[in-house]
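final_22.txt (compact mmCIF, C-alpha atoms and all ligand atoms)
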```
# COMPACT_ATOMS: atom_id res chain seq x y z
CA MET A 188 2.65 -27.05 1.58
CA ASN A 189 3.06 -23.36 0.87
CA ARG A 190 3.16 -21.39 4.14
CA TYR A 191 2.23 -18.19 2.37
CA LYS A 192 -1.37 -18.14 1.24
CA LEU A 193 -1.68 -14.40 0.56
CA GLU A 194 -5.40 -14.56 -0.09
CA VAL A 195 -5.80 -10.77 -0.36
CA ASP A 196 -3.88 -8.30 -2.54
CA THR A 197 -3.61 -5.02 -0.60
CA HIS A 198 -2.41 -2.73 -3.40
CA CYS A 199 -3.90 -2.52 -6.92
CA HIS A 200 -4.52 0.29 -9.41
CA SER A 201 -7.29 0.43 -12.02
CA LEU A 202 -7.77 2.57 -15.14
CA ALA A 203 -8.90 5.36 -12.79
CA SER A 204 -5.22 5.97 -11.92
CA HIS A 205 -4.73 6.93 -15.64
CA HIS A 206 -1.30 5.28 -15.94
CA ALA A 207 -2.79 1.85 -15.14
CA LEU A 208 -4.33 -0.30 -17.84
CA SER A 209 -7.26 -2.39 -16.61
CA SER A 210 -10.88 -1.99 -15.55
CA ILE A 211 -12.17 -3.32 -12.23
CA GLY A 212 -14.03 -6.03 -14.17
CA GLU A 213 -10.83 -7.24 -15.84
CA MET A 214 -9.04 -7.20 -12.49
CA LEU A 215 -11.80 -9.30 -10.91
CA ILE A 216 -11.44 -11.94 -13.64
CA SER A 217 -7.66 -12.09 -13.10
CA ALA A 218 -8.08 -12.24 -9.33
CA GLN A 219 -10.50 -15.14 -9.70
CA LYS A 220 -8.06 -16.98 -12.00
CA VAL A 221 -5.16 -16.73 -9.54
CA GLY A 222 -7.40 -17.77 -6.63
CA LEU A 223 -7.46 -14.53 -4.63
CA SER A 224 -10.28 -14.11 -2.11
CA ALA A 225 -10.20 -10.32 -2.46
CA PHE A 226 -8.12 -7.35 -3.48
CA ALA A 227 -7.99 -3.76 -2.30
CA LEU A 228 -8.50 -1.25 -5.07
CA SER A 229 -6.16 1.56 -4.07
CA ASP A 230 -6.04 4.12 -6.84
CA HIS A 231 -3.80 7.16 -6.42
CA HIS A 232 -4.93 10.14 -4.36
CA PRO A 233 -5.94 13.20 -6.48
CA SER A 234 -2.87 15.15 -5.28
CA LEU A 235 -0.61 13.04 -7.51
CA HIS A 236 -1.84 15.17 -10.43
CA CYS A 237 0.95 17.41 -11.75
CA GLU A 238 2.83 18.60 -14.77
CA GLN A 239 6.46 17.64 -15.06
CA ASP A 240 8.80 18.49 -17.93
CA GLY A 241 5.76 19.40 -20.04
CA MET A 242 4.07 16.06 -19.35
CA VAL A 243 0.77 16.00 -17.48
CA ILE A 244 0.47 13.23 -14.91
CA HIS A 245 -3.21 12.60 -14.23
CA ALA A 246 -4.74 11.24 -11.06
CA PRO A 247 -8.33 10.29 -10.21
CA ASP A 248 -10.53 13.09 -8.85
CA GLU A 249 -12.52 13.09 -5.63
CA ALA A 250 -15.77 12.45 -7.53
CA TYR A 251 -14.36 9.09 -8.67
CA PHE A 252 -13.61 8.07 -5.09
CA HIS A 253 -17.04 9.22 -3.97
CA VAL A 254 -18.85 7.08 -6.57
CA PHE A 255 -16.50 4.14 -5.95
CA CYS A 256 -16.97 4.30 -2.18
CA THR A 257 -20.70 4.95 -2.06
CA ARG A 258 -22.05 3.04 -5.08
CA TYR A 259 -19.70 0.23 -6.12
CA SER A 260 -19.78 -3.33 -4.92
CA ALA A 261 -18.20 -6.36 -6.56
CA PRO A 262 -20.66 -8.79 -8.21
CA LYS A 263 -21.61 -11.39 -5.60
CA ASP A 264 -21.30 -14.34 -8.00
CA CYS A 265 -17.65 -13.70 -8.93
CA GLY A 266 -16.35 -15.00 -5.59
CA VAL A 267 -13.78 -12.20 -5.21
CA GLY A 268 -14.28 -9.25 -2.89
CA VAL A 269 -13.09 -5.69 -3.46
CA PHE A 270 -11.94 -3.60 -0.49
CA LYS A 271 -12.24 0.15 -0.90
CA SER A 272 -8.92 1.87 -0.54
CA VAL A 273 -6.76 4.73 -1.80
CA GLU A 274 -3.01 5.24 -2.02
CA LEU A 275 -2.34 8.52 -0.24
CA ASN A 276 0.80 10.58 -0.69
CA ILE A 277 3.21 11.25 2.15
CA LEU A 278 4.15 14.92 1.86
CA ASP A 279 7.36 16.70 2.85
CA HIS A 280 5.29 19.50 4.39
CA SER A 281 2.32 19.78 6.72
CA PRO A 282 -0.22 18.20 6.48
CA TRP A 283 2.11 15.22 6.19
CA VAL A 284 -0.42 12.98 4.47
CA SER A 285 -2.44 14.24 1.49
CA PRO A 286 -5.93 15.21 2.72
CA PHE A 287 -9.30 14.86 0.99
CA TYR A 288 -11.49 17.96 0.90
CA ARG A 289 -14.65 15.90 1.22
CA ASP A 290 -15.06 13.68 4.29
CA PHE A 291 -14.02 10.18 3.21
CA ASN A 292 -13.19 9.03 6.75
CA ASN A 293 -15.73 6.26 7.06
CA LEU A 294 -16.03 5.37 3.38
CA PHE A 295 -12.75 3.51 2.84
CA ASP A 296 -12.15 0.03 4.24
CA LEU A 297 -8.50 0.97 4.63
CA THR A 298 -6.01 3.51 3.33
CA ILE A 299 -2.42 2.99 2.26
CA ALA A 300 0.24 5.69 1.85
CA GLY A 301 3.71 6.09 0.46
CA VAL A 302 6.32 8.52 -0.77
CA HIS A 303 6.00 9.40 -4.46
CA GLN A 304 8.87 11.59 -5.45
CA PHE A 305 7.36 14.48 -7.40
CA PRO A 306 8.47 18.02 -6.50
CA HIS A 307 5.02 19.13 -5.31
CA LEU A 308 4.73 16.10 -3.01
CA PHE A 309 8.09 15.00 -1.72
CA SER A 310 11.49 16.22 -2.83
CA ALA A 311 14.12 13.60 -2.16
CA ILE A 312 16.97 14.76 0.01
CA ASP A 313 20.10 12.73 0.58
CA ASN A 314 19.73 13.08 4.33
CA GLU A 315 18.59 10.10 6.37
CA GLU A 316 17.67 12.12 9.45
CA HIS A 317 15.55 14.60 7.48
CA ASN A 318 13.64 11.91 5.54
CA THR A 319 13.07 9.83 8.68
CA GLU A 320 11.66 12.83 10.55
CA ILE A 321 9.17 13.49 7.74
CA LEU A 322 8.08 9.85 7.71
CA LEU A 323 7.60 9.96 11.49
CA ASN A 324 5.46 13.09 11.15
CA ALA A 325 3.24 11.23 8.68
CA ILE A 326 3.10 8.03 10.74
CA ASN A 327 2.20 9.91 13.92
CA GLU A 328 -0.09 12.57 12.43
CA GLY A 329 -3.54 12.75 14.02
CA ASP A 330 -5.16 10.98 16.96
CA ARG A 331 -5.62 7.88 14.83
CA PRO A 332 -3.30 6.73 12.02
CA GLN A 333 -3.97 8.48 8.72
CA PHE A 334 -3.10 5.27 6.85
CA ASN A 335 -2.89 1.57 7.62
CA ILE A 336 -0.13 0.32 5.32
CA LEU A 337 3.11 2.12 4.45
CA THR A 338 3.66 1.37 0.76
CA HIS A 339 7.07 0.70 -0.80
CA PRO A 340 8.95 1.89 2.32
CA ILE A 341 12.35 0.99 0.88
CA SER A 342 13.75 3.01 -1.97
CA SER A 343 17.39 3.51 -2.93
CA ASP A 344 16.93 7.27 -3.43
CA LEU A 345 15.21 7.84 -0.08
CA PRO A 346 17.68 7.09 2.73
CA LEU A 347 15.82 6.35 5.97
CA ASN A 348 16.54 5.04 9.43
CA MET A 349 14.78 1.72 8.93
CA ASP A 350 14.78 0.76 12.64
CA THR A 351 13.01 3.98 13.63
CA VAL A 352 10.41 3.76 10.86
CA ILE A 353 9.65 0.10 11.66
CA ARG A 354 9.36 0.84 15.40
CA GLU A 355 6.98 3.78 14.90
CA CYS A 356 4.83 1.89 12.38
CA THR A 357 4.61 -1.02 14.81
CA ASN A 358 3.58 1.31 17.66
CA ARG A 359 0.81 2.79 15.50
CA GLY A 360 -0.43 -0.58 14.18
CA ILE A 361 0.70 0.29 10.63
CA ALA A 362 1.88 -2.61 8.45
CA LEU A 363 4.97 -2.16 6.25
CA GLU A 364 4.50 -3.22 2.65
CA VAL A 365 6.54 -5.67 0.66
CA ASN A 366 5.84 -4.34 -2.82
CA ASN A 367 6.10 -7.08 -5.45
CA SER A 368 6.35 -4.68 -8.43
CA ASN A 369 9.29 -2.88 -6.85
CA LEU A 370 11.03 -6.19 -6.23
CA GLU A 371 10.53 -7.24 -9.84
CA HIS A 372 11.53 -3.94 -11.44
CA LYS A 373 14.27 -2.86 -9.01
CA LYS A 374 16.16 -6.06 -8.28
CA HIS A 375 18.92 -4.20 -6.40
CA LEU A 376 16.39 -3.50 -3.59
CA ALA A 377 16.06 -7.18 -2.63
CA PRO A 378 18.83 -7.21 0.03
CA LEU A 379 17.38 -4.09 1.70
CA ILE A 380 13.85 -5.51 1.72
CA LYS A 381 15.23 -8.74 3.14
CA LEU A 382 16.83 -6.71 5.91
CA MET A 383 13.53 -4.91 6.49
CA LEU A 384 11.75 -8.26 6.87
CA GLN A 385 14.30 -9.43 9.42
CA LYS A 386 13.96 -6.20 11.40
CA VAL A 387 10.12 -6.27 11.31
CA HIS A 388 10.21 -9.87 12.57
CA ALA A 389 12.65 -8.97 15.35
CA CYS A 390 10.46 -6.15 16.66
CA GLY A 391 7.14 -8.00 16.29
CA GLY A 392 5.87 -5.67 13.58
CA ARG A 393 3.67 -6.68 10.68
CA ILE A 394 3.85 -6.57 6.93
CA ALA A 395 1.36 -6.47 4.05
CA VAL A 396 2.28 -8.00 0.70
CA GLY A 397 0.94 -5.96 -2.22
CA SER A 398 1.36 -6.50 -5.95
CA ASP A 399 1.04 -2.76 -6.79
CA ALA A 400 -0.67 -4.09 -9.93
CA HIS A 401 -1.07 -1.58 -12.75
CA MET A 402 -2.78 -4.11 -15.02
CA ALA A 403 -5.05 -7.10 -14.54
CA SER A 404 -2.32 -9.67 -15.18
CA GLU A 405 -0.36 -8.35 -12.19
CA VAL A 406 -3.18 -8.69 -9.64
CA GLY A 407 -2.18 -11.24 -7.01
CA ASN A 408 1.35 -11.59 -8.37
CA PHE A 409 3.49 -12.04 -5.27
CA SER A 410 6.20 -14.31 -6.66
CA ALA A 411 9.24 -12.09 -5.96
CA ALA A 412 7.91 -11.25 -2.49
CA ILE A 413 7.34 -14.92 -1.64
CA ASP A 414 10.94 -15.76 -2.63
CA LEU A 415 12.17 -13.26 -0.01
CA LEU A 416 9.68 -14.35 2.65
CA GLU A 417 10.91 -17.91 2.22
CA GLU A 418 14.56 -16.86 2.30
CA VAL A 419 14.17 -15.20 5.69
CA ASN A 420 11.58 -17.69 6.95
CA PHE A 421 9.17 -14.85 7.74
CA PRO A 422 6.30 -15.91 10.06
CA PRO A 423 2.99 -16.00 8.13
CA GLU A 424 1.13 -14.77 11.22
CA LEU A 425 2.89 -11.40 10.89
CA ILE A 426 1.45 -10.89 7.38
CA VAL A 427 -1.85 -9.02 7.69
CA ASN A 428 -3.16 -10.28 4.34
CA ASN A 429 -2.00 -13.88 4.55
CA THR A 430 -5.61 -15.06 4.77
CA LEU A 431 -8.95 -13.37 4.30
CA ASP A 432 -9.60 -13.95 8.01
CA SER A 433 -6.33 -12.35 9.10
CA PHE A 434 -7.12 -9.39 6.86
CA TYR A 435 -10.58 -8.98 8.41
CA LEU A 436 -8.94 -9.06 11.86
CA PHE A 437 -6.60 -6.26 10.73
CA LEU A 438 -9.58 -4.25 9.47
CA ASP A 439 -11.45 -4.86 12.75
CA GLU A 440 -8.47 -3.46 14.64
CA LEU A 441 -8.62 -0.32 12.48
CA LYS A 442 -12.31 0.14 13.30
CA ILE A 443 -11.55 -0.14 17.01
CA ASN A 444 -8.71 2.38 16.68
CA ASN A 445 -10.96 4.71 14.68
ZN ZN B 501 2.98 4.00 -4.74
ZN ZN B 502 0.69 2.04 -6.08
```
Written as structure tokens, that's how I'd like the structure from this file.
Amino acid sequence: MNRYKLEVDTHCHSLASHHALSSIGEMLISAQKVGLSAFALSDHHPSLHCEQDGMVIHAPDEAYFHVFCTRYSAPKDCGVGVFKSVELNILDHSPWVSPFYRDFNNLFDLTIAGVHQFPHLFSAIDNEEHNTEILLNAINEGDRPQFNILTHPISSDLPLNMDTVIRECTNRGIALEVNNSNLEHKKHLAPLIKLMLQKVHACGGRIAVGSDAHMASEVGNFSAAIDLLEEVNFPPELIVNNTLDSFYLFLDELKINN
């Protein structure tokens, strides 16, 4: 029997992210087909918007998030739930996590955040100490965590002290993400992510497995992540989204901490 149920996908983008291809309706149909109980729709934070080398990179605006958070709910008869989320940007300057101008604090079910290397957000520096310090500022910003899952924490062009980042995330109740898209598109990262899994296990931290889907057919695709989980025999009870129940427990914890 498969030890890894992964009933919830914690990281998915819809058409609202502009560089993703599918509507929420199409994603729901895919999620139903692959047997997911729910997925978190986590479109990019508005601050991703920029112009680079003459190319405009669009991001959703705050009005989108407001309508999504206050008026959307998944059709009851489809059997798949949608959690309201956003993928925030970790910044290399204060504030360390991209803020909303409107108060979205109680509207999202959870928030996820990661480094996206665009000059206005986070300029990569080949200095482990510097990058780690910035991550720690973001992890520890505010009385309560500004985000609940650290997305794609491992990247070959962002050297970090993995032990420190894992320890601080664990102290703050933040889960580290195993990002299936990264594993599929950047195969050289597999040994580092394997190491991350071993370190998270050793310090009693937790992970979330996210597809980072940018189209309906990718929703709930965890195959590369599951291969690694099996290789290191990672305990399913340390995966916050292994079952719908474990995910609700994780969300309950966030409410208590909030
Ligand atoms: Zn991302
Ligand atoms: Zn993403």
_Test item: residues lying within 12 Å of ligand ZN 501 (chain B) with only C-alpha atoms and all ligand atoms, as a PyMOL selection string_ = chain A and resi 197-200+204+229-232+235+273-277+299-305+336-342+364-369+397-401
At a cut-off of 7 Å, using all atoms listed in the file, what residues contact Asp279 of chain A? Leave out same-chain residues fewer than 6 positions from it and give the result as a short mmCIF file (atom, residue, chain, number, x, y, z; two decimals) with C-alpha atoms, in the frame of the given file.
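Once written, out-v8.cif looks like this:
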```
data_model
loop_
_atom_site.label_atom_id
_atom_site.label_comp_id
_atom_site.auth_asym_id
_atom_site.auth_seq_id
_atom_site.Cartn_x
_atom_site.Cartn_y
_atom_site.Cartn_z
CA LEU A 308 4.73 16.10 -3.01
CA PHE A 309 8.09 15.00 -1.72
CA ILE A 321 9.17 13.49 7.74
#
```
For segment 354-364 of chain A, take all atoms listed in the file, fit an axis-aligned box around them, add 3 Å to each of the six sides, then output centre and edge lengths in Å rounded to one decimal, as JSON.
```
{"center_x": 4.5, "center_y": 0.3, "center_z": 10.2, "size_x": 15.8, "size_y": 13.0, "size_z": 21.0}
```
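Atom CA of Val269 of chain A sits 21.0 Å away from atom CA of Asp290 of chain A.
Near segment 313-317 of chain A, within 9 Å and counting only C-alpha atoms, sit Asp344, Leu345, Pro346, Leu347 and Asn348 of chain A, not including residues fewer than 6 positions from it in the same chain.
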*asked:* Between atom CA of Ser285 of chain A and atom CA of Phe334 of chain A, what is the distance in Å, rounded to a tenth?
replied: 10.5 Å
*asked:* Report, in Å with one decimal, the straight-line distance from atom CA of Tyr288 of chain A to atom CA of Pro233 of chain A.
replied: 10.4 Å
Show me the residues close to (-5.8, -11.9, -11.5) - anything with an atom within 12 Å, counting all atoms listed in the file - and format the list as a PDB file with C-alpha atoms, keeping the file's coordinate frame.
```
ATOM      1  CA  GLU A 194      -5.400 -14.560  -0.090  1.00  0.00           C
ATOM      2  CA  VAL A 195      -5.800 -10.770  -0.360  1.00  0.00           C
ATOM      3  CA  ASP A 196      -3.880  -8.300  -2.540  1.00  0.00           C
ATOM      4  CA  CYS A 199      -3.900  -2.520  -6.920  1.00  0.00           C
ATOM      5  CA  SER A 209      -7.260  -2.390 -16.610  1.00  0.00           C
ATOM      6  CA  SER A 210     -10.880  -1.990 -15.550  1.00  0.00           C
ATOM      7  CA  ILE A 211     -12.170  -3.320 -12.230  1.00  0.00           C
ATOM      8  CA  GLY A 212     -14.030  -6.030 -14.170  1.00  0.00           C
ATOM      9  CA  GLU A 213     -10.830  -7.240 -15.840  1.00  0.00           C
ATOM     10  CA  MET A 214      -9.040  -7.200 -12.490  1.00  0.00           C
ATOM     11  CA  LEU A 215     -11.800  -9.300 -10.910  1.00  0.00           C
ATOM     12  CA  ILE A 216     -11.440 -11.940 -13.640  1.00  0.00           C
ATOM     13  CA  SER A 217      -7.660 -12.090 -13.100  1.00  0.00           C
ATOM     14  CA  ALA A 218      -8.080 -12.240  -9.330  1.00  0.00           C
ATOM     15  CA  GLN A 219     -10.500 -15.140  -9.700  1.00  0.00           C
ATOM     16  CA  LYS A 220      -8.060 -16.980 -12.000  1.00  0.00           C
ATOM     17  CA  VAL A 221      -5.160 -16.730  -9.540  1.00  0.00           C
ATOM     18  CA  GLY A 222      -7.400 -17.770  -6.630  1.00  0.00           C
ATOM     19  CA  LEU A 223      -7.460 -14.530  -4.630  1.00  0.00           C
ATOM     20  CA  SER A 224     -10.280 -14.110  -2.110  1.00  0.00           C
ATOM     21  CA  ALA A 225     -10.200 -10.320  -2.460  1.00  0.00           C
ATOM     22  CA  PHE A 226      -8.120  -7.350  -3.480  1.00  0.00           C
ATOM     23  CA  VAL A 267     -13.780 -12.200  -5.210  1.00  0.00           C
ATOM     24  CA  SER A 398       1.360  -6.500  -5.950  1.00  0.00           C
ATOM     25  CA  ALA A 400      -0.670  -4.090  -9.930  1.00  0.00           C
ATOM     26  CA  HIS A 401      -1.070  -1.580 -12.750  1.00  0.00           C
ATOM     27  CA  MET A 402      -2.780  -4.110 -15.020  1.00  0.00           C
ATOM     28  CA  ALA A 403      -5.050  -7.100 -14.540  1.00  0.00           C
ATOM     29  CA  SER A 404      -2.320  -9.670 -15.180  1.00  0.00           C
ATOM     30  CA  GLU A 405      -0.360  -8.350 -12.190  1.00  0.00           C
ATOM     31  CA  VAL A 406      -3.180  -8.690  -9.640  1.00  0.00           C
ATOM     32  CA  GLY A 407      -2.180 -11.240  -7.010  1.00  0.00           C
ATOM     33  CA  ASN A 408       1.350 -11.590  -8.370  1.00  0.00           C
ATOM     34  CA  PHE A 409       3.490 -12.040  -5.270  1.00  0.00           C
TER      35      PHE A 409
END
```
*asked:* Restricting the calculation to all atoms listed in the file: of A:Ala207, A:Val254, A:Ala261, A:Ile380, which residue gets closest to ligand ZN 502 (chain B)?
replied: A:Ala207
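Distance annotation: of A:Leu370, A:Leu438, A:Leu384, A:Cys390, the residue with the minimal separation from Arg354 of chain A is A:Cys390; atom set is only C-alpha atoms.
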Could you pull segment 281-301 of chain A out of the structure just shown and give N, CA and C atoms as an mmCIF file, in the first residue's frame?
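Final file, selection-v2.cif:
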```cif
data_model
loop_
_atom_site.group_PDB
_atom_site.id
_atom_site.type_symbol
_atom_site.label_atom_id
_atom_site.label_comp_id
_atom_site.auth_asym_id
_atom_site.auth_seq_id
_atom_site.Cartn_x
_atom_site.Cartn_y
_atom_site.Cartn_z
ATOM 1 N N SER A 281 13.530 45.156 3.661
ATOM 2 C CA SER A 281 12.368 45.229 4.556
ATOM 3 C C SER A 281 11.209 45.955 3.870
ATOM 4 N N PRO A 282 9.944 45.570 4.047
ATOM 5 C CA PRO A 282 9.502 44.355 4.733
ATOM 6 C C PRO A 282 9.973 43.120 3.973
ATOM 7 N N TRP A 283 10.241 42.043 4.713
ATOM 8 C CA TRP A 283 10.931 40.889 4.126
ATOM 9 C C TRP A 283 9.981 39.954 3.379
ATOM 10 N N VAL A 284 8.681 40.178 3.577
ATOM 11 C CA VAL A 284 7.676 39.405 2.837
ATOM 12 C C VAL A 284 6.721 40.413 2.204
ATOM 13 N N SER A 285 6.429 40.227 0.913
ATOM 14 C CA SER A 285 5.623 41.219 0.186
ATOM 15 C C SER A 285 4.276 41.458 0.872
ATOM 16 N N PRO A 286 3.976 42.712 1.220
ATOM 17 C CA PRO A 286 2.723 43.007 1.926
ATOM 18 C C PRO A 286 1.570 43.287 0.960
ATOM 19 N N PHE A 287 0.340 43.088 1.433
ATOM 20 C CA PHE A 287 -0.848 43.570 0.734
ATOM 21 C C PHE A 287 -1.173 44.955 1.277
ATOM 22 N N TYR A 288 -1.766 45.787 0.461
ATOM 23 C CA TYR A 288 -2.165 47.118 0.948
ATOM 24 C C TYR A 288 -3.509 47.042 1.649
ATOM 25 N N ARG A 289 -4.380 46.148 1.145
ATOM 26 C CA ARG A 289 -5.664 45.919 1.773
ATOM 27 C C ARG A 289 -5.464 44.843 2.842
ATOM 28 N N ASP A 290 -6.331 44.787 3.830
ATOM 29 C CA ASP A 290 -6.155 43.794 4.891
ATOM 30 C C ASP A 290 -6.708 42.432 4.456
ATOM 31 N N PHE A 291 -5.810 41.514 4.121
ATOM 32 C CA PHE A 291 -6.213 40.171 3.713
ATOM 33 C C PHE A 291 -6.008 39.153 4.836
ATOM 34 N N ASN A 292 -5.603 39.649 6.012
ATOM 35 C CA ASN A 292 -5.174 38.759 7.094
ATOM 36 C C ASN A 292 -6.079 37.575 7.362
ATOM 37 N N ASN A 293 -7.374 37.828 7.443
ATOM 38 C CA ASN A 293 -8.264 36.719 7.821
ATOM 39 C C ASN A 293 -8.992 36.120 6.626
ATOM 40 N N LEU A 294 -8.603 36.509 5.418
ATOM 41 C CA LEU A 294 -9.326 36.028 4.241
ATOM 42 C C LEU A 294 -8.706 34.763 3.639
ATOM 43 N N PHE A 295 -7.407 34.602 3.793
ATOM 44 C CA PHE A 295 -6.751 33.411 3.231
ATOM 45 C C PHE A 295 -6.822 32.251 4.231
ATOM 46 N N ASP A 296 -6.952 31.028 3.691
ATOM 47 C CA ASP A 296 -6.852 29.856 4.562
ATOM 48 C C ASP A 296 -5.415 29.643 4.991
ATOM 49 N N LEU A 297 -4.496 29.912 4.075
ATOM 50 C CA LEU A 297 -3.066 29.828 4.383
ATOM 51 C C LEU A 297 -2.304 30.647 3.353
ATOM 52 N N THR A 298 -1.077 31.009 3.674
ATOM 53 C CA THR A 298 -0.239 31.690 2.686
ATOM 54 C C THR A 298 1.077 30.918 2.548
ATOM 55 N N ILE A 299 1.618 30.968 1.333
ATOM 56 C CA ILE A 299 2.899 30.314 1.084
ATOM 57 C C ILE A 299 3.834 31.401 0.546
ATOM 58 N N ALA A 300 5.134 31.216 0.686
ATOM 59 C CA ALA A 300 6.061 32.264 0.235
ATOM 60 C C ALA A 300 7.371 31.650 -0.217
ATOM 61 N N GLY A 301 7.989 32.296 -1.198
ATOM 62 C CA GLY A 301 9.272 31.811 -1.669
ATOM 63 C C GLY A 301 10.070 32.910 -2.337
#
```
